[in-house]
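Worksheet: the structure to be examined is printed underneath.
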Amino acid sequence: MKLLYFASLRQKIGLPEEDVDVPAYVRNVADLIDWLMTRGPGYEAAFENRKLIRAAIDQEHAKLDALLGSPKEVAFFPPVTGG
Amino acid sequence: MKLLYFASLRQKIGLPEEDVDVPAYVRNVADLIDWLMTRGPGYEAAFENRKLIRAAIDQEHAKLDALLGSPKEVAFFPPVTGG
Amino acid sequence: MNRVQTEDFDINDEIAALTEGRSDIGAVVSFTGLVRDVTLTLEHYAGMTERELSKLEADANARWQLQGVTIIHRIGTLHPADNIVLVVTASKHRKDAFEAAEFLMDYLKTRAPFWKREGDEWVEAKDSDDTAAERWK
Amino acid sequence: MNRVQTEDFDINDEIAALTEGRSDIGAVVSFTGLVRDVTLTLEHYAGMTERELSKLEADANARWQLQGVTIIHRIGTLHPADNIVLVVTASKHRKDAFEAAEFLMDYLKTRAPFWKREGDEWVEAKDSDDTAAERWK
């Protein structure tokens, strides 16, 4: 699964994107976050405050309980600040 | 007293402005309209539908019951249509 | 700043006049009113118009936090697609800029002494303009 | 029409692109967002941004009677008084043009994947933007 990180999340994780093999129990966005947080302190810091995490599955906004399916890409980012 | 007429009122009355001596009983805008309507069919046509008459005393919007005082000019016109 | 003129206006120039040399403006809203399909002649009550437009500006400045306001209204004969009116508002925040511009247009449509003629027919005022202006009371 | 670009935009040109050659447009609203006081770097999620901006346009067209919509958002490093974002709406009537422009800005601020950095600090999202977007539900 291709993961993308933007803004402060990219800085904390230290990567703009990566390919990962996720365990079978990872069904929705929240599961994915839980699993990513086991991967090291950068991930822990990035996903610490879940209120400030936004996700997109295949470039569509997705809630924490959204099922992942078989996406081409999943992105994580903080609340947007454009405009 | 100097009177000004705009738009459809000017066309019906046939004058852009005129100086008039008004009788003593003319105290407010409605009195002035009543008196003007006695001055001929053009005035009658102009002031026929009072709902569609707007007035200004010395360039300030004025209601029909506004006292005239001693104005420099009183203007009559239909509802505005700029913008 | 407000003006009544026969000439056209340039939106870029008018925005630049409000914003140039400052960095405290976060939001600029412009409203342009254009002639649709017909040829119009616009007349106004010179003197009262300028007073009303100045009052509108003062009212908007009292109600919203604005860094600048411009109102330009054209008079004379205007053709399809010609500009009629321009309102520009500049503010720190977009809410103030948007609301002030809408307020100015609603009030201008119901209080500024302009009248449109289409050929020999005077354009009639719309009730919807009165309703729009009511909401700011 | 929507674009993401590093270059500046020209408001006159963008309005002309919507209005030129037509006489069915009575109202054009432009909103320009500008950088205040600081130097900002804007990044975005290429691909998703364009999808979100297209969706915003489609939503606005479904909700209001519009003759045209333009959204342009800049990315890269921007300095005080630089333009950040432009929204232009064209309609027969001013109410549609105003409301659609406000809607587009409120939604853009809460849904389009752009992030501002000021030096090393990421700008935090404002609750007031969420509140503003809520009113269109």
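Within each chain, counting starts at residue 1; across the structure tokens, chains are named A, B, ... in the order shown, with ligands numbered 1 upward in that order.
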Taking the backbone alone, and naming residues the way the document does, which bits of chain A are alpha helix (DSSP H) by DSSP, as a list in words?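 Secondary structure check on chain A, alpha helix (DSSP H): Ala7, Ser8, Leu9, Arg10, Gln11, Lys12, Ile13, Val29, Ala30, Asp31, Leu32, Ile33, Asp34, Trp35, Leu36, Met37, Pro41, Gly42, Tyr43, Glu44, Ala45, Ala46 and Phe47 of chain A.
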Residues of the last selection are to be written out with N, CA and C atoms, as a PDB file, in the first residue's frame.
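result_28.pdb was written with the following content:
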ATOM      1  N   ALA A   7       2.913  18.033   4.965  1.00  0.00           N
ATOM      2  CA  ALA A   7       3.067  19.123   5.931  1.00  0.00           C
ATOM      3  C   ALA A   7       3.726  18.617   7.210  1.00  0.00           C
ATOM      4  N   SER A   8       3.174  18.951   8.374  1.00  0.00           N
ATOM      5  CA  SER A   8       3.835  18.590   9.636  1.00  0.00           C
ATOM      6  C   SER A   8       3.990  17.081   9.797  1.00  0.00           C
ATOM      7  N   LEU A   9       3.075  16.306   9.226  1.00  0.00           N
ATOM      8  CA  LEU A   9       3.198  14.844   9.341  1.00  0.00           C
ATOM      9  C   LEU A   9       4.411  14.340   8.564  1.00  0.00           C
ATOM     10  N   ARG A  10       4.633  14.909   7.395  1.00  0.00           N
ATOM     11  CA  ARG A  10       5.809  14.511   6.609  1.00  0.00           C
ATOM     12  C   ARG A  10       7.078  14.838   7.384  1.00  0.00           C
ATOM     13  N   GLN A  11       7.105  16.009   8.010  1.00  0.00           N
ATOM     14  CA  GLN A  11       8.299  16.404   8.760  1.00  0.00           C
ATOM     15  C   GLN A  11       8.566  15.474   9.936  1.00  0.00           C
ATOM     16  N   LYS A  12       7.498  15.119  10.662  1.00  0.00           N
ATOM     17  CA  LYS A  12       7.682  14.268  11.848  1.00  0.00           C
ATOM     18  C   LYS A  12       8.088  12.859  11.455  1.00  0.00           C
ATOM     19  N   ILE A  13       7.477  12.330  10.399  1.00  0.00           N
ATOM     20  CA  ILE A  13       7.795  10.969   9.951  1.00  0.00           C
ATOM     21  C   ILE A  13       9.117  10.952   9.196  1.00  0.00           C
ATOM     22  N   VAL A  29      -9.102   3.263   8.411  1.00  0.00           N
ATOM     23  CA  VAL A  29      -8.065   4.289   8.578  1.00  0.00           C
ATOM     24  C   VAL A  29      -7.491   4.276   9.992  1.00  0.00           C
ATOM     25  N   ALA A  30      -8.373   4.144  10.980  1.00  0.00           N
ATOM     26  CA  ALA A  30      -7.911   4.142  12.374  1.00  0.00           C
ATOM     27  C   ALA A  30      -6.976   2.960  12.641  1.00  0.00           C
ATOM     28  N   ASP A  31      -7.311   1.781  12.098  1.00  0.00           N
ATOM     29  CA  ASP A  31      -6.421   0.613  12.239  1.00  0.00           C
ATOM     30  C   ASP A  31      -5.043   0.919  11.657  1.00  0.00           C
ATOM     31  N   LEU A  32      -5.045   1.568  10.517  1.00  0.00           N
ATOM     32  CA  LEU A  32      -3.781   1.877   9.840  1.00  0.00           C
ATOM     33  C   LEU A  32      -2.931   2.814  10.691  1.00  0.00           C
ATOM     34  N   ILE A  33      -3.603   3.809  11.292  1.00  0.00           N
ATOM     35  CA  ILE A  33      -2.882   4.737  12.173  1.00  0.00           C
ATOM     36  C   ILE A  33      -2.303   3.972  13.368  1.00  0.00           C
ATOM     37  N   ASP A  34      -3.117   3.109  13.972  1.00  0.00           N
ATOM     38  CA  ASP A  34      -2.647   2.315  15.128  1.00  0.00           C
ATOM     39  C   ASP A  34      -1.388   1.538  14.752  1.00  0.00           C
ATOM     40  N   TRP A  35      -1.432   0.902  13.604  1.00  0.00           N
ATOM     41  CA  TRP A  35      -0.300   0.089  13.174  1.00  0.00           C
ATOM     42  C   TRP A  35       0.933   0.963  12.886  1.00  0.00           C
ATOM     43  N   LEU A  36       0.692   2.111  12.204  1.00  0.00           N
ATOM     44  CA  LEU A  36       1.828   2.988  11.882  1.00  0.00           C
ATOM     45  C   LEU A  36       2.516   3.493  13.147  1.00  0.00           C
ATOM     46  N   MET A  37       1.716   3.721  14.192  1.00  0.00           N
ATOM     47  CA  MET A  37       2.292   4.259  15.438  1.00  0.00           C
ATOM     48  C   MET A  37       3.238   3.267  16.130  1.00  0.00           C
ATOM     49  N   PRO A  41       9.244   6.352  16.874  1.00  0.00           N
ATOM     50  CA  PRO A  41       8.886   7.614  17.540  1.00  0.00           C
ATOM     51  C   PRO A  41       8.407   8.697  16.562  1.00  0.00           C
ATOM     52  N   GLY A  42       8.944   8.726  15.350  1.00  0.00           N
ATOM     53  CA  GLY A  42       8.486   9.720  14.360  1.00  0.00           C
ATOM     54  C   GLY A  42       7.006   9.546  14.066  1.00  0.00           C
ATOM     55  N   TYR A  43       6.621   8.291  13.857  1.00  0.00           N
ATOM     56  CA  TYR A  43       5.215   7.984  13.595  1.00  0.00           C
ATOM     57  C   TYR A  43       4.345   8.298  14.813  1.00  0.00           C
ATOM     58  N   GLU A  44       4.887   7.926  15.970  1.00  0.00           N
ATOM     59  CA  GLU A  44       4.147   8.206  17.218  1.00  0.00           C
ATOM     60  C   GLU A  44       3.854   9.691  17.360  1.00  0.00           C
ATOM     61  N   ALA A  45       4.888  10.509  17.106  1.00  0.00           N
ATOM     62  CA  ALA A  45       4.723  11.972  17.216  1.00  0.00           C
ATOM     63  C   ALA A  45       3.725  12.476  16.171  1.00  0.00           C
ATOM     64  N   ALA A  46       3.824  11.926  14.969  1.00  0.00           N
ATOM     65  CA  ALA A  46       2.979  12.404  13.873  1.00  0.00           C
ATOM     66  C   ALA A  46       1.501  12.150  14.155  1.00  0.00           C
ATOM     67  N   PHE A  47       1.216  10.960  14.725  1.00  0.00           N
ATOM     68  CA  PHE A  47      -0.193  10.563  14.866  1.00  0.00           C
ATOM     69  C   PHE A  47      -0.734  10.712  16.290  1.00  0.00           C
TER      70      PHE A  47
END
Close residues, B:Arg54 itself excluded, 12 Å, only C-alpha atoms, min 5 positions apart in chain, as a PyMOL selection string: (chain B and resi 4-9+29-30+33+46-47+49+59-66+74-80) or (chain C and resi 110-113+125)
Residues from last step as file, C-alpha atoms, as a PDB file, in the first residue's frame:
ATOM      1  CA  LEU B   4     -36.365  68.881  -8.744  1.00  0.00           C
ATOM      2  CA  TYR B   5     -37.896  66.030 -10.693  1.00  0.00           C
ATOM      3  CA  PHE B   6     -36.076  62.936 -11.896  1.00  0.00           C
ATOM      4  CA  ALA B   7     -36.624  60.045 -14.289  1.00  0.00           C
ATOM      5  CA  SER B   8     -40.290  59.229 -15.065  1.00  0.00           C
ATOM      6  CA  LEU B   9     -41.494  62.113 -12.886  1.00  0.00           C
ATOM      7  CA  VAL B  29     -43.922  66.204   1.803  1.00  0.00           C
ATOM      8  CA  ALA B  30     -47.455  64.789   1.392  1.00  0.00           C
ATOM      9  CA  ILE B  33     -47.576  66.511  -3.369  1.00  0.00           C
ATOM     10  CA  ALA B  46     -46.573  62.072 -12.033  1.00  0.00           C
ATOM     11  CA  PHE B  47     -47.872  61.804  -8.465  1.00  0.00           C
ATOM     12  CA  ASN B  49     -49.376  56.357  -7.476  1.00  0.00           C
ATOM     13  CA  GLN B  59     -30.529  65.688  -0.761  1.00  0.00           C
ATOM     14  CA  GLU B  60     -31.586  63.459   2.149  1.00  0.00           C
ATOM     15  CA  HIS B  61     -34.226  60.741   1.740  1.00  0.00           C
ATOM     16  CA  ALA B  62     -37.491  61.939   3.297  1.00  0.00           C
ATOM     17  CA  LYS B  63     -40.763  60.154   4.054  1.00  0.00           C
ATOM     18  CA  LEU B  64     -44.156  61.544   3.063  1.00  0.00           C
ATOM     19  CA  ASP B  65     -44.775  62.823   6.579  1.00  0.00           C
ATOM     20  CA  ALA B  66     -41.387  64.563   6.854  1.00  0.00           C
ATOM     21  CA  VAL B  74     -36.943  69.246  -2.539  1.00  0.00           C
ATOM     22  CA  ALA B  75     -36.622  66.427  -5.062  1.00  0.00           C
ATOM     23  CA  PHE B  76     -39.174  63.889  -6.279  1.00  0.00           C
ATOM     24  CA  PHE B  77     -38.333  60.683  -8.084  1.00  0.00           C
ATOM     25  CA  PRO B  78     -39.435  57.060  -8.564  1.00  0.00           C
ATOM     26  CA  PRO B  79     -37.782  54.191  -6.613  1.00  0.00           C
ATOM     27  CA  VAL B  80     -34.114  54.065  -7.582  1.00  0.00           C
TER      28      VAL B  80
ATOM     29  CA  THR C 110     -32.213  50.877  -2.839  1.00  0.00           C
ATOM     30  CA  ARG C 111     -30.810  54.251  -1.699  1.00  0.00           C
ATOM     31  CA  ALA C 112     -28.446  55.762  -4.285  1.00  0.00           C
ATOM     32  CA  PRO C 113     -30.415  58.044  -6.641  1.00  0.00           C
ATOM     33  CA  ALA C 125     -37.500  48.873  -9.173  1.00  0.00           C
TER      34      ALA C 125
END
Name all residues at most 12 Å from D:Ala90 (count only C-alpha atoms; drop same-chain ones fewer than 2 positions away) and give them as a PyMOL selection string. (chain C and resi 30-34) or (chain D and resi 14-20+22-31+60-61+64-70+87-88+92-101)
Since chain C and chain D share a sequence, can you fit the second onto the first over all C-alpha atoms in order and output it as a PDB file with C-alpha atoms, in the first residue's frame?
ATOM      1  CA  MET D   1     -13.445  56.559  -2.161  1.00  0.00           C
ATOM      2  CA  ASN D   2     -16.442  56.954  -4.444  1.00  0.00           C
ATOM      3  CA  ARG D   3     -16.932  58.327  -7.949  1.00  0.00           C
ATOM      4  CA  VAL D   4     -19.695  58.836 -10.491  1.00  0.00           C
ATOM      5  CA  GLN D   5     -18.364  58.858 -14.044  1.00  0.00           C
ATOM      6  CA  THR D   6     -19.231  58.206 -17.673  1.00  0.00           C
ATOM      7  CA  GLU D   7     -15.930  56.410 -18.419  1.00  0.00           C
ATOM      8  CA  ASP D   8     -15.293  52.739 -17.771  1.00  0.00           C
ATOM      9  CA  PHE D   9     -13.261  51.626 -14.740  1.00  0.00           C
ATOM     10  CA  ASP D  10     -10.363  49.185 -14.413  1.00  0.00           C
ATOM     11  CA  ILE D  11     -10.715  46.606 -11.637  1.00  0.00           C
ATOM     12  CA  ASN D  12      -6.972  45.910 -11.324  1.00  0.00           C
ATOM     13  CA  ASP D  13      -6.263  49.623 -10.952  1.00  0.00           C
ATOM     14  CA  GLU D  14      -8.961  50.050  -8.317  1.00  0.00           C
ATOM     15  CA  ILE D  15      -7.775  47.050  -6.299  1.00  0.00           C
ATOM     16  CA  ALA D  16      -4.160  48.283  -6.555  1.00  0.00           C
ATOM     17  CA  ALA D  17      -5.239  51.711  -5.292  1.00  0.00           C
ATOM     18  CA  LEU D  18      -6.527  50.052  -2.104  1.00  0.00           C
ATOM     19  CA  THR D  19      -3.779  47.490  -1.572  1.00  0.00           C
ATOM     20  CA  GLU D  20      -0.518  48.890  -2.924  1.00  0.00           C
ATOM     21  CA  GLY D  21       2.249  49.436  -0.404  1.00  0.00           C
ATOM     22  CA  ARG D  22       0.432  47.679   2.442  1.00  0.00           C
ATOM     23  CA  SER D  23       0.696  44.184   3.856  1.00  0.00           C
ATOM     24  CA  ASP D  24      -2.192  44.301   6.339  1.00  0.00           C
ATOM     25  CA  ILE D  25      -4.868  43.256   3.822  1.00  0.00           C
ATOM     26  CA  GLY D  26      -5.780  39.583   3.654  1.00  0.00           C
ATOM     27  CA  ALA D  27      -8.972  39.728   1.592  1.00  0.00           C
ATOM     28  CA  VAL D  28     -10.222  41.811  -1.316  1.00  0.00           C
ATOM     29  CA  VAL D  29     -13.726  41.398  -2.734  1.00  0.00           C
ATOM     30  CA  SER D  30     -14.823  43.089  -5.935  1.00  0.00           C
ATOM     31  CA  PHE D  31     -18.356  43.240  -7.274  1.00  0.00           C
ATOM     32  CA  THR D  32     -18.936  44.316 -10.852  1.00  0.00           C
ATOM     33  CA  GLY D  33     -22.442  44.920 -12.193  1.00  0.00           C
ATOM     34  CA  LEU D  34     -22.774  44.603 -15.965  1.00  0.00           C
ATOM     35  CA  VAL D  35     -25.440  45.460 -18.532  1.00  0.00           C
ATOM     36  CA  ARG D  36     -27.287  42.389 -19.767  1.00  0.00           C
ATOM     37  CA  ASP D  37     -28.600  42.210 -23.352  1.00  0.00           C
ATOM     38  CA  VAL D  38     -30.032  45.755 -23.573  1.00  0.00           C
ATOM     39  CA  THR D  39     -28.854  49.323 -24.015  1.00  0.00           C
ATOM     40  CA  LEU D  40     -29.390  51.425 -20.907  1.00  0.00           C
ATOM     41  CA  THR D  41     -29.197  55.094 -20.131  1.00  0.00           C
ATOM     42  CA  LEU D  42     -28.413  55.968 -16.534  1.00  0.00           C
ATOM     43  CA  GLU D  43     -29.221  59.283 -14.948  1.00  0.00           C
ATOM     44  CA  HIS D  44     -28.667  60.354 -11.362  1.00  0.00           C
ATOM     45  CA  TYR D  45     -29.294  63.157  -8.885  1.00  0.00           C
ATOM     46  CA  ALA D  46     -25.914  64.904  -8.867  1.00  0.00           C
ATOM     47  CA  GLY D  47     -25.027  65.992  -5.364  1.00  0.00           C
ATOM     48  CA  MET D  48     -27.358  63.617  -3.558  1.00  0.00           C
ATOM     49  CA  THR D  49     -25.646  60.624  -5.183  1.00  0.00           C
ATOM     50  CA  GLU D  50     -22.231  61.576  -3.813  1.00  0.00           C
ATOM     51  CA  ARG D  51     -23.751  62.148  -0.357  1.00  0.00           C
ATOM     52  CA  GLU D  52     -25.464  58.759  -0.409  1.00  0.00           C
ATOM     53  CA  LEU D  53     -22.336  56.935  -1.601  1.00  0.00           C
ATOM     54  CA  SER D  54     -20.249  58.615   1.130  1.00  0.00           C
ATOM     55  CA  LYS D  55     -22.851  57.598   3.706  1.00  0.00           C
ATOM     56  CA  LEU D  56     -22.775  53.991   2.449  1.00  0.00           C
ATOM     57  CA  GLU D  57     -18.998  53.959   2.802  1.00  0.00           C
ATOM     58  CA  ALA D  58     -19.199  55.373   6.326  1.00  0.00           C
ATOM     59  CA  ASP D  59     -21.897  52.838   7.281  1.00  0.00           C
ATOM     60  CA  ALA D  60     -19.806  49.949   5.961  1.00  0.00           C
ATOM     61  CA  ASN D  61     -16.721  51.189   7.806  1.00  0.00           C
ATOM     62  CA  ALA D  62     -18.736  51.436  11.028  1.00  0.00           C
ATOM     63  CA  ARG D  63     -20.108  47.897  10.716  1.00  0.00           C
ATOM     64  CA  TRP D  64     -17.092  45.968   9.459  1.00  0.00           C
ATOM     65  CA  GLN D  65     -13.350  46.094   9.924  1.00  0.00           C
ATOM     66  CA  LEU D  66     -12.265  47.406   6.545  1.00  0.00           C
ATOM     67  CA  GLN D  67      -8.925  48.587   5.214  1.00  0.00           C
ATOM     68  CA  GLY D  68     -10.518  50.246   2.216  1.00  0.00           C
ATOM     69  CA  VAL D  69     -13.736  50.733   0.236  1.00  0.00           C
ATOM     70  CA  THR D  70     -14.243  51.894  -3.355  1.00  0.00           C
ATOM     71  CA  ILE D  71     -17.567  52.556  -5.067  1.00  0.00           C
ATOM     72  CA  ILE D  72     -17.699  53.634  -8.719  1.00  0.00           C
ATOM     73  CA  HIS D  73     -20.979  54.067 -10.607  1.00  0.00           C
ATOM     74  CA  ARG D  74     -21.217  54.908 -14.284  1.00  0.00           C
ATOM     75  CA  ILE D  75     -23.833  57.189 -15.857  1.00  0.00           C
ATOM     76  CA  GLY D  76     -24.815  57.879 -19.458  1.00  0.00           C
ATOM     77  CA  THR D  77     -25.545  55.338 -22.178  1.00  0.00           C
ATOM     78  CA  LEU D  78     -24.248  51.819 -21.663  1.00  0.00           C
ATOM     79  CA  HIS D  79     -24.380  48.830 -23.999  1.00  0.00           C
ATOM     80  CA  PRO D  80     -24.658  45.065 -23.472  1.00  0.00           C
ATOM     81  CA  ALA D  81     -21.722  43.692 -21.436  1.00  0.00           C
ATOM     82  CA  ASP D  82     -20.620  47.186 -20.354  1.00  0.00           C
ATOM     83  CA  ASN D  83     -19.668  47.705 -16.730  1.00  0.00           C
ATOM     84  CA  ILE D  84     -22.202  49.684 -14.655  1.00  0.00           C
ATOM     85  CA  VAL D  85     -20.961  49.606 -11.094  1.00  0.00           C
ATOM     86  CA  LEU D  86     -17.911  48.529  -9.124  1.00  0.00           C
ATOM     87  CA  VAL D  87     -17.611  47.931  -5.392  1.00  0.00           C
ATOM     88  CA  VAL D  88     -14.273  46.890  -3.881  1.00  0.00           C
ATOM     89  CA  THR D  89     -13.752  46.088  -0.212  1.00  0.00           C
ATOM     90  CA  ALA D  90     -10.431  45.293   1.448  1.00  0.00           C
ATOM     91  CA  SER D  91     -10.104  43.766   4.907  1.00  0.00           C
ATOM     92  CA  LYS D  92      -7.945  41.577   7.090  1.00  0.00           C
ATOM     93  CA  HIS D  93     -10.563  38.831   6.940  1.00  0.00           C
ATOM     94  CA  ARG D  94     -12.727  37.474   4.170  1.00  0.00           C
ATOM     95  CA  LYS D  95     -15.992  37.611   6.133  1.00  0.00           C
ATOM     96  CA  ASP D  96     -15.751  41.383   6.574  1.00  0.00           C
ATOM     97  CA  ALA D  97     -14.825  41.941   2.934  1.00  0.00           C
ATOM     98  CA  PHE D  98     -17.676  39.761   1.629  1.00  0.00           C
ATOM     99  CA  GLU D  99     -20.386  41.092   3.933  1.00  0.00           C
ATOM    100  CA  ALA D 100     -19.441  44.729   3.417  1.00  0.00           C
ATOM    101  CA  ALA D 101     -19.491  44.312  -0.377  1.00  0.00           C
ATOM    102  CA  GLU D 102     -22.954  42.703  -0.261  1.00  0.00           C
ATOM    103  CA  PHE D 103     -24.236  45.373   2.084  1.00  0.00           C
ATOM    104  CA  LEU D 104     -22.916  48.142  -0.159  1.00  0.00           C
ATOM    105  CA  MET D 105     -24.568  46.669  -3.245  1.00  0.00           C
ATOM    106  CA  ASP D 106     -27.899  46.045  -1.481  1.00  0.00           C
ATOM    107  CA  TYR D 107     -28.006  49.588  -0.139  1.00  0.00           C
ATOM    108  CA  LEU D 108     -26.740  51.158  -3.337  1.00  0.00           C
ATOM    109  CA  LYS D 109     -29.598  49.423  -5.183  1.00  0.00           C
ATOM    110  CA  THR D 110     -32.221  50.874  -2.855  1.00  0.00           C
ATOM    111  CA  ARG D 111     -30.831  54.256  -1.712  1.00  0.00           C
ATOM    112  CA  ALA D 112     -28.451  55.768  -4.284  1.00  0.00           C
ATOM    113  CA  PRO D 113     -30.428  58.037  -6.651  1.00  0.00           C
ATOM    114  CA  PHE D 114     -29.730  56.424 -10.033  1.00  0.00           C
ATOM    115  CA  TRP D 115     -32.382  55.547 -12.606  1.00  0.00           C
ATOM    116  CA  LYS D 116     -32.078  53.276 -15.622  1.00  0.00           C
ATOM    117  CA  ARG D 117     -33.929  53.865 -18.873  1.00  0.00           C
ATOM    118  CA  GLU D 118     -34.163  51.240 -21.579  1.00  0.00           C
ATOM    119  CA  GLY D 119     -35.098  53.121 -24.757  1.00  0.00           C
ATOM    120  CA  ASP D 120     -38.182  55.133 -23.723  1.00  0.00           C
ATOM    121  CA  GLU D 121     -39.060  52.890 -20.789  1.00  0.00           C
ATOM    122  CA  TRP D 122     -37.849  53.527 -17.264  1.00  0.00           C
ATOM    123  CA  VAL D 123     -36.716  50.327 -15.590  1.00  0.00           C
ATOM    124  CA  GLU D 124     -38.943  49.433 -12.618  1.00  0.00           C
ATOM    125  CA  ALA D 125     -37.486  48.876  -9.166  1.00  0.00           C
ATOM    126  CA  LYS D 126     -37.524  45.286  -7.922  1.00  0.00           C
ATOM    127  CA  ASP D 127     -39.094  44.207  -4.635  1.00  0.00           C
ATOM    128  CA  SER D 128     -36.254  41.702  -4.283  1.00  0.00           C
ATOM    129  CA  ASP D 129     -33.844  44.613  -3.892  1.00  0.00           C
ATOM    130  CA  ASP D 130     -35.867  45.987  -0.975  1.00  0.00           C
ATOM    131  CA  THR D 131     -35.927  42.535   0.604  1.00  0.00           C
ATOM    132  CA  ALA D 132     -32.157  42.194   0.175  1.00  0.00           C
ATOM    133  CA  ALA D 133     -31.571  45.568   1.841  1.00  0.00           C
ATOM    134  CA  GLU D 134     -33.898  44.718   4.741  1.00  0.00           C
ATOM    135  CA  ARG D 135     -31.600  42.013   6.071  1.00  0.00           C
ATOM    136  CA  TRP D 136     -28.962  44.547   7.154  1.00  0.00           C
ATOM    137  CA  LYS D 137     -31.306  46.405   9.515  1.00  0.00           C
TER     138      LYS D 137
END
Between atom CA of B:Val26 and atom CA of B:Leu68, what is the distance, to one decimal in Å?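 Distance between the two atoms: 8.3 Å.
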Could you tell me, as JSON, numbers by chain, which residues of stretch 64-99 of chain C DSSP assigns to strand (DSSP E or B) when given the backbone? {"C": [68, 69, 70, 71, 72, 73, 74, 76, 77, 78, 83, 84, 85, 86, 87, 88, 89, 90, 91]}
